[in-house]
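Asker: What follows is query-v4.cif; its format and atoms are mmCIF, C-alpha atoms.
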```
data_input
loop_
_atom_site.group_PDB
_atom_site.id
_atom_site.type_symbol
_atom_site.label_atom_id
_atom_site.label_comp_id
_atom_site.auth_asym_id
_atom_site.auth_seq_id
_atom_site.Cartn_x
_atom_site.Cartn_y
_atom_site.Cartn_z
ATOM 1 C CA MET J 1 0.000 0.000 0.000
ATOM 2 C CA GLN J 2 3.011 2.272 0.434
ATOM 3 C CA ARG J 3 3.702 2.013 -3.301
ATOM 4 C CA VAL J 4 0.063 2.860 -4.020
ATOM 5 C CA GLY J 5 0.408 5.943 -1.838
ATOM 6 C CA GLN J 6 3.550 6.996 -3.703
ATOM 7 C CA ALA J 7 1.758 6.659 -7.044
ATOM 8 C CA VAL J 8 -1.202 8.663 -5.730
ATOM 9 C CA MET J 9 1.167 11.423 -4.612
ATOM 10 C CA LEU J 10 2.653 11.514 -8.116
ATOM 11 C CA HIS J 11 -0.834 11.799 -9.590
ATOM 12 C CA ARG J 12 -1.811 14.604 -7.230
ATOM 13 C CA ALA J 13 1.427 16.393 -8.110
ATOM 14 C CA GLY J 14 0.401 16.303 -11.772
ATOM 15 C CA ASP J 15 2.362 13.335 -13.100
ATOM 16 C CA ARG J 16 -0.612 11.273 -14.332
ATOM 17 C CA GLU J 17 1.426 9.171 -16.719
ATOM 18 C CA GLU J 18 3.973 8.012 -14.154
ATOM 19 C CA ALA J 19 1.218 7.410 -11.600
ATOM 20 C CA ARG J 20 -0.731 5.369 -14.159
ATOM 21 C CA ASN J 21 2.396 3.370 -15.068
ATOM 22 C CA ARG J 22 3.206 2.583 -11.445
ATOM 23 C CA LEU J 23 -0.371 1.639 -10.600
ATOM 24 C CA ALA J 24 -0.589 -0.578 -13.693
ATOM 25 C CA ALA J 25 2.609 -2.341 -12.600
ATOM 26 C CA LEU J 26 1.127 -2.827 -9.140
ATOM 27 C CA TRP J 27 -2.028 -4.253 -10.684
ATOM 28 C CA GLU J 28 0.053 -6.762 -12.641
ATOM 29 C CA ASP J 29 2.204 -7.692 -9.628
ATOM 30 C CA PRO J 30 0.651 -6.478 -6.384
ATOM 31 C CA GLY J 31 2.845 -8.648 -4.196
ATOM 32 C CA PRO J 32 2.140 -11.584 -1.930
ATOM 33 C CA GLY J 33 -0.841 -11.489 0.361
ATOM 34 C CA THR J 34 -2.690 -8.832 -1.621
ATOM 35 C CA GLY J 35 -6.412 -9.208 -1.158
ATOM 36 C CA PRO J 36 -9.470 -7.776 -2.838
ATOM 37 C CA LEU J 37 -9.539 -4.610 -0.717
ATOM 38 C CA GLN J 38 -5.987 -3.771 -1.766
ATOM 39 C CA ARG J 39 -6.804 -4.590 -5.407
ATOM 40 C CA CYS J 40 -9.909 -2.405 -5.104
ATOM 41 C CA THR J 41 -7.707 0.461 -3.947
ATOM 42 C CA ILE J 42 -5.251 -0.026 -6.817
ATOM 43 C CA ALA J 43 -8.049 -0.158 -9.412
ATOM 44 C CA HIS J 44 -9.783 2.865 -7.844
ATOM 45 C CA TYR J 45 -6.675 5.024 -8.137
ATOM 46 C CA LEU J 46 -5.797 3.567 -11.528
ATOM 47 C CA ALA J 47 -9.217 4.718 -12.750
ATOM 48 C CA SER J 48 -8.552 8.264 -11.594
ATOM 49 C CA ALA J 49 -5.251 8.313 -13.486
ATOM 50 C CA GLN J 50 -6.865 7.519 -16.852
ATOM 51 C CA ASP J 51 -7.098 10.088 -19.630
ATOM 52 C CA ASP J 52 -9.946 8.361 -21.491
ATOM 53 C CA PRO J 53 -13.290 8.324 -19.607
ATOM 54 C CA ARG J 54 -14.053 4.847 -20.998
ATOM 55 C CA ASP J 55 -10.859 3.537 -19.416
ATOM 56 C CA ALA J 56 -11.739 5.254 -16.151
ATOM 57 C CA LEU J 57 -15.148 3.561 -16.212
ATOM 58 C CA ARG J 58 -13.612 0.163 -16.893
ATOM 59 C CA TRP J 59 -11.183 0.508 -13.969
ATOM 60 C CA ASP J 60 -13.888 1.801 -11.642
ATOM 61 C CA LEU J 61 -15.895 -1.307 -12.547
ATOM 62 C CA VAL J 62 -12.860 -3.409 -11.657
ATOM 63 C CA ALA J 63 -12.662 -1.601 -8.300
ATOM 64 C CA LEU J 64 -16.344 -2.387 -7.724
ATOM 65 C CA ALA J 65 -15.787 -6.043 -8.609
ATOM 66 C CA GLU J 66 -12.935 -6.205 -6.102
ATOM 67 C CA ALA J 67 -15.152 -4.658 -3.417
ATOM 68 C CA ASP J 68 -17.710 -7.353 -4.243
ATOM 69 C CA ALA J 69 -15.005 -9.988 -3.866
ATOM 70 C CA ALA J 70 -14.070 -8.546 -0.469
ATOM 71 C CA SER J 71 -17.707 -8.737 0.586
ATOM 72 C CA GLY J 72 -17.984 -12.316 -0.623
ATOM 73 C CA ASP J 73 -20.443 -11.338 -3.358
ATOM 74 C CA GLU J 74 -18.447 -12.967 -6.149
ATOM 75 C CA ALA J 75 -14.945 -13.769 -7.326
ATOM 76 C CA ALA J 76 -13.269 -10.786 -8.934
ATOM 77 C CA PRO J 77 -12.439 -11.096 -12.633
ATOM 78 C CA ALA J 78 -8.857 -10.945 -13.836
ATOM 79 C CA ASP J 79 -9.680 -8.478 -16.606
ATOM 80 C CA PRO J 80 -11.863 -5.374 -16.529
ATOM 81 C CA PRO J 81 -15.511 -6.426 -16.902
ATOM 82 C CA PRO J 82 -17.716 -5.204 -19.737
ATOM 83 C CA VAL J 83 -19.285 -1.779 -19.357
ATOM 84 C CA ASP J 84 -22.823 -3.130 -18.852
ATOM 85 C CA ARG J 85 -21.799 -4.504 -15.441
ATOM 86 C CA ALA J 86 -22.642 -1.088 -13.936
ATOM 87 C CA ALA J 87 -26.338 -1.786 -14.361
ATOM 88 C CA ARG J 88 -26.252 -4.895 -12.149
ATOM 89 C CA PRO J 89 -27.706 -4.209 -8.694
ATOM 90 C CA LEU J 90 -25.172 -4.754 -5.956
ATOM 91 C CA GLY J 91 -25.801 -4.516 -2.278
ATOM 92 C CA PRO J 92 -23.191 -3.361 0.194
ATOM 93 C CA THR J 93 -25.235 -4.438 3.212
ATOM 94 C CA ALA J 94 -23.532 -7.818 3.556
ATOM 95 C CA ALA J 95 -20.039 -6.451 2.993
ATOM 96 C CA PRO J 96 -17.521 -6.320 5.813
ATOM 97 C CA ASP J 97 -17.197 -2.833 7.318
ATOM 98 C CA ALA J 98 -14.093 -1.961 5.304
ATOM 99 C CA ALA J 99 -15.708 -2.902 1.991
ATOM 100 C CA ARG J 100 -19.126 -1.461 2.887
ATOM 101 C CA GLY J 101 -17.562 1.959 3.425
ATOM 102 C CA LEU J 102 -16.158 1.904 -0.111
ATOM 103 C CA TYR J 103 -19.422 1.358 -1.979
ATOM 104 C CA PRO J 104 -20.789 4.922 -1.823
ATOM 105 C CA LEU J 105 -17.522 6.338 -3.180
ATOM 106 C CA LEU J 106 -17.288 3.661 -5.859
ATOM 107 C CA TYR J 107 -20.833 4.426 -6.993
ATOM 108 C CA LEU J 108 -20.048 8.165 -7.035
ATOM 109 C CA ARG J 109 -17.047 7.508 -9.240
ATOM 110 C CA LEU J 110 -19.183 5.427 -11.585
ATOM 111 C CA ALA J 111 -21.714 8.266 -11.730
ATOM 112 C CA ALA J 112 -18.950 10.702 -12.668
ATOM 113 C CA ASP J 113 -17.630 8.272 -15.284
ATOM 114 C CA HIS J 114 -21.058 7.944 -16.887
ATOM 115 C CA LEU J 115 -21.537 11.702 -16.813
ATOM 116 C CA ALA J 116 -18.179 12.175 -18.576
ATOM 117 C CA LEU J 117 -19.460 9.786 -21.248
ATOM 118 C CA ASP J 118 -22.731 11.757 -21.620
ATOM 119 C CA CYS J 119 -24.780 8.918 -20.124
ATOM 120 C CA ALA J 120 -26.976 10.943 -17.770
ATOM 121 C CA THR J 121 -29.424 8.106 -17.064
ATOM 122 C CA ALA J 122 -26.640 5.756 -15.966
ATOM 123 C CA ALA J 123 -25.065 8.568 -13.924
ATOM 124 C CA ARG J 124 -28.346 9.178 -12.085
ATOM 125 C CA HIS J 125 -28.678 5.440 -11.432
ATOM 126 C CA GLU J 126 -25.209 5.314 -9.851
ATOM 127 C CA LEU J 127 -25.880 8.467 -7.846
ATOM 128 C CA ALA J 128 -29.025 6.859 -6.425
ATOM 129 C CA ARG J 129 -26.991 3.775 -5.480
ATOM 130 C CA ALA J 130 -24.401 6.002 -3.832
ATOM 131 C CA ARG J 131 -27.077 7.747 -1.783
ATOM 132 C CA ARG J 132 -28.608 4.442 -0.655
ATOM 133 C CA ALA J 133 -25.210 3.031 0.277
ATOM 134 C CA ALA J 134 -24.161 6.234 2.070
ATOM 135 C CA ALA J 135 -27.287 6.154 4.230
ATOM 136 C CA GLY J 136 -25.848 3.124 6.031
ATOM 137 C CA LEU J 137 -22.555 4.793 6.944
ATOM 138 C CA GLU J 138 -21.724 5.846 10.473
ATOM 139 C CA ASP J 139 -22.150 9.451 11.556
ATOM 140 C CA ASP J 140 -18.397 10.037 11.633
ATOM 141 C CA ASP J 141 -16.000 12.069 9.465
ATOM 142 C CA HIS J 142 -15.943 9.464 6.684
ATOM 143 C CA GLY J 143 -19.723 9.109 6.660
ATOM 144 C CA ARG J 144 -20.350 12.855 6.688
ATOM 145 C CA ARG J 145 -17.793 13.555 3.946
ATOM 146 C CA THR J 146 -19.147 10.749 1.808
ATOM 147 C CA ARG J 147 -22.758 11.888 2.177
ATOM 148 C CA ALA J 148 -21.701 15.451 1.364
ATOM 149 C CA ALA J 149 -19.964 14.280 -1.805
#
```
Produce structure tokens that represent the structure in this file.
Answerer:
Amino acid sequence: MQRVGQAVMLHRAGDREEARNRLAALWEDPGPGTGPLQRCTIAHYLASAQDDPRDALRWDLVALAEADAASGDEAAPADPPPVDRAARPLGPTAAPDAARGLYPLLYLRLAADHLALDCATAARHELARARRAAAGLEDDDHGRRTRAA
């Protein structure tokens, strides 16, 4: 996760390409003991480092699939899933606390991806999922920030 943090710092400093390259290398070889929550994090940040909104959507769908894997919903695919996966209803209620807290942000990212692709209906769908998932968050800093977003 330290290497993920370093790549994120590069991205925030404006070096998208190097951040994307490092995150892609981490995706290919994340190291021993890497689980779905760590892969979700890598895919989430890899999505934000994409220049093409279609690529961002694909990686955000991978992040969602990894969150599902962490919650026991399904096994995560090795490759980015097809775009229509966003329409499948997923429920964060059975997810462990760490994964459950990710769902509202993942849905928000998917909404932004769809909006960037001029798919307003899909964006509204994801925003509604984000709101439903955020309603179950604690009334702490994370929950308040997520609901505000």
Asker: One decimal, in Å: what's the spacing between CA of Ala63 in chain J and CA of Leu108 in chain J?
Answerer: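 These two atoms are separated by 12.3 Å.
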Asker: Of the residues J:Leu57, J:Ala128, J:Ile42, J:Leu137, which is the one nearest to Arg109 in chain J, using only C-alpha atoms?
Answerer: J:Leu57
Asker: Determine the axis-aligned bounding box of all atoms of range 47-51 of chain J present in the file, pad each side by 8 Å, and express its centre and edge lengths in Å to one decimal place as JSON.
Answerer:
```
{"center_x": -7.2, "center_y": 7.4, "center_z": -15.6, "size_x": 20.0, "size_y": 21.4, "size_z": 24.0}
```
Asker: May I have the residues within 7 Å of Ala99 in chain J as a count of residues only, using all atoms listed in the file and disregarding those fewer than 6 positions away in the same chain?
Answerer: 4
Asker: As a check of understanding, name the residues that the PyMOL selection byres ((chain J and resi 43-47) around 10) selects in the supplied structure, as a PyMOL selection string.
Answerer: chain J and resi 4-5+7-8+11+16+19-24+26-27+37-42+48-66+80+105-106+109+113
Asker: Deliver the residues from the most recent selection as a file, using C-alpha atoms, as a PDB file, keeping the file's coordinate frame.
Answerer:
```pdb
ATOM      1  CA  VAL J   4       0.063   2.860  -4.020  1.00  0.00           C
ATOM      2  CA  GLY J   5       0.408   5.943  -1.838  1.00  0.00           C
ATOM      3  CA  ALA J   7       1.758   6.659  -7.044  1.00  0.00           C
ATOM      4  CA  VAL J   8      -1.202   8.663  -5.730  1.00  0.00           C
ATOM      5  CA  HIS J  11      -0.834  11.799  -9.590  1.00  0.00           C
ATOM      6  CA  ARG J  16      -0.612  11.273 -14.332  1.00  0.00           C
ATOM      7  CA  ALA J  19       1.218   7.410 -11.600  1.00  0.00           C
ATOM      8  CA  ARG J  20      -0.731   5.369 -14.159  1.00  0.00           C
ATOM      9  CA  ASN J  21       2.396   3.370 -15.068  1.00  0.00           C
ATOM     10  CA  ARG J  22       3.206   2.583 -11.445  1.00  0.00           C
ATOM     11  CA  LEU J  23      -0.371   1.639 -10.600  1.00  0.00           C
ATOM     12  CA  ALA J  24      -0.589  -0.578 -13.693  1.00  0.00           C
ATOM     13  CA  LEU J  26       1.127  -2.827  -9.140  1.00  0.00           C
ATOM     14  CA  TRP J  27      -2.028  -4.253 -10.684  1.00  0.00           C
ATOM     15  CA  LEU J  37      -9.539  -4.610  -0.717  1.00  0.00           C
ATOM     16  CA  GLN J  38      -5.987  -3.771  -1.766  1.00  0.00           C
ATOM     17  CA  ARG J  39      -6.804  -4.590  -5.407  1.00  0.00           C
ATOM     18  CA  CYS J  40      -9.909  -2.405  -5.104  1.00  0.00           C
ATOM     19  CA  THR J  41      -7.707   0.461  -3.947  1.00  0.00           C
ATOM     20  CA  ILE J  42      -5.251  -0.026  -6.817  1.00  0.00           C
ATOM     21  CA  SER J  48      -8.552   8.264 -11.594  1.00  0.00           C
ATOM     22  CA  ALA J  49      -5.251   8.313 -13.486  1.00  0.00           C
ATOM     23  CA  GLN J  50      -6.865   7.519 -16.852  1.00  0.00           C
ATOM     24  CA  ASP J  51      -7.098  10.088 -19.630  1.00  0.00           C
ATOM     25  CA  ASP J  52      -9.946   8.361 -21.491  1.00  0.00           C
ATOM     26  CA  PRO J  53     -13.290   8.324 -19.607  1.00  0.00           C
ATOM     27  CA  ARG J  54     -14.053   4.847 -20.998  1.00  0.00           C
ATOM     28  CA  ASP J  55     -10.859   3.537 -19.416  1.00  0.00           C
ATOM     29  CA  ALA J  56     -11.739   5.254 -16.151  1.00  0.00           C
ATOM     30  CA  LEU J  57     -15.148   3.561 -16.212  1.00  0.00           C
ATOM     31  CA  ARG J  58     -13.612   0.163 -16.893  1.00  0.00           C
ATOM     32  CA  TRP J  59     -11.183   0.508 -13.969  1.00  0.00           C
ATOM     33  CA  ASP J  60     -13.888   1.801 -11.642  1.00  0.00           C
ATOM     34  CA  LEU J  61     -15.895  -1.307 -12.547  1.00  0.00           C
ATOM     35  CA  VAL J  62     -12.860  -3.409 -11.657  1.00  0.00           C
ATOM     36  CA  ALA J  63     -12.662  -1.601  -8.300  1.00  0.00           C
ATOM     37  CA  LEU J  64     -16.344  -2.387  -7.724  1.00  0.00           C
ATOM     38  CA  ALA J  65     -15.787  -6.043  -8.609  1.00  0.00           C
ATOM     39  CA  GLU J  66     -12.935  -6.205  -6.102  1.00  0.00           C
ATOM     40  CA  PRO J  80     -11.863  -5.374 -16.529  1.00  0.00           C
ATOM     41  CA  LEU J 105     -17.522   6.338  -3.180  1.00  0.00           C
ATOM     42  CA  LEU J 106     -17.288   3.661  -5.859  1.00  0.00           C
ATOM     43  CA  ARG J 109     -17.047   7.508  -9.240  1.00  0.00           C
ATOM     44  CA  ASP J 113     -17.630   8.272 -15.284  1.00  0.00           C
TER      45      ASP J 113
END
```
Asker: Do a neighbour search on Arg124 in chain J at 9 Å with all atoms listed in the file, toss out local chain neighbours closer than 6 positions, and write the hits as a ChimeraX atom specification.
Answerer: /J:111,114-115
Asker: Under the rule that only C-alpha atoms are counted, which of J:Arg147, J:Ala134, J:Gly101, J:Pro36 is the nearest residue to Gly72 in chain J?
Answerer: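 Closest candidate: J:Pro36.
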Asker: Any chance you could resolve the PyMOL selection byres ((chain J and resi 125) around 10) against this file and give the residues as a VMD selection string?
Answerer: chain J and resid 86 to 87 107 110 to 111 114 120 to 124 126 to 130
Asker: I'd like the interatomic distance between CA of Leu10 in chain J and CA of Asp68 in chain J, to a tenth of an Å.
Answerer: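 We find that CA of Leu10 in chain J and CA of Asp68 in chain J lie 28.0 Å from each other.
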Asker: Go ahead and compute the interatomic distance for CA of Ala148 in chain J and CA of Arg100 in chain J, in Å to one decimal.
Answerer: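 Pair CA of Ala148 in chain J / CA of Arg100 in chain J returns 17.2 Å.
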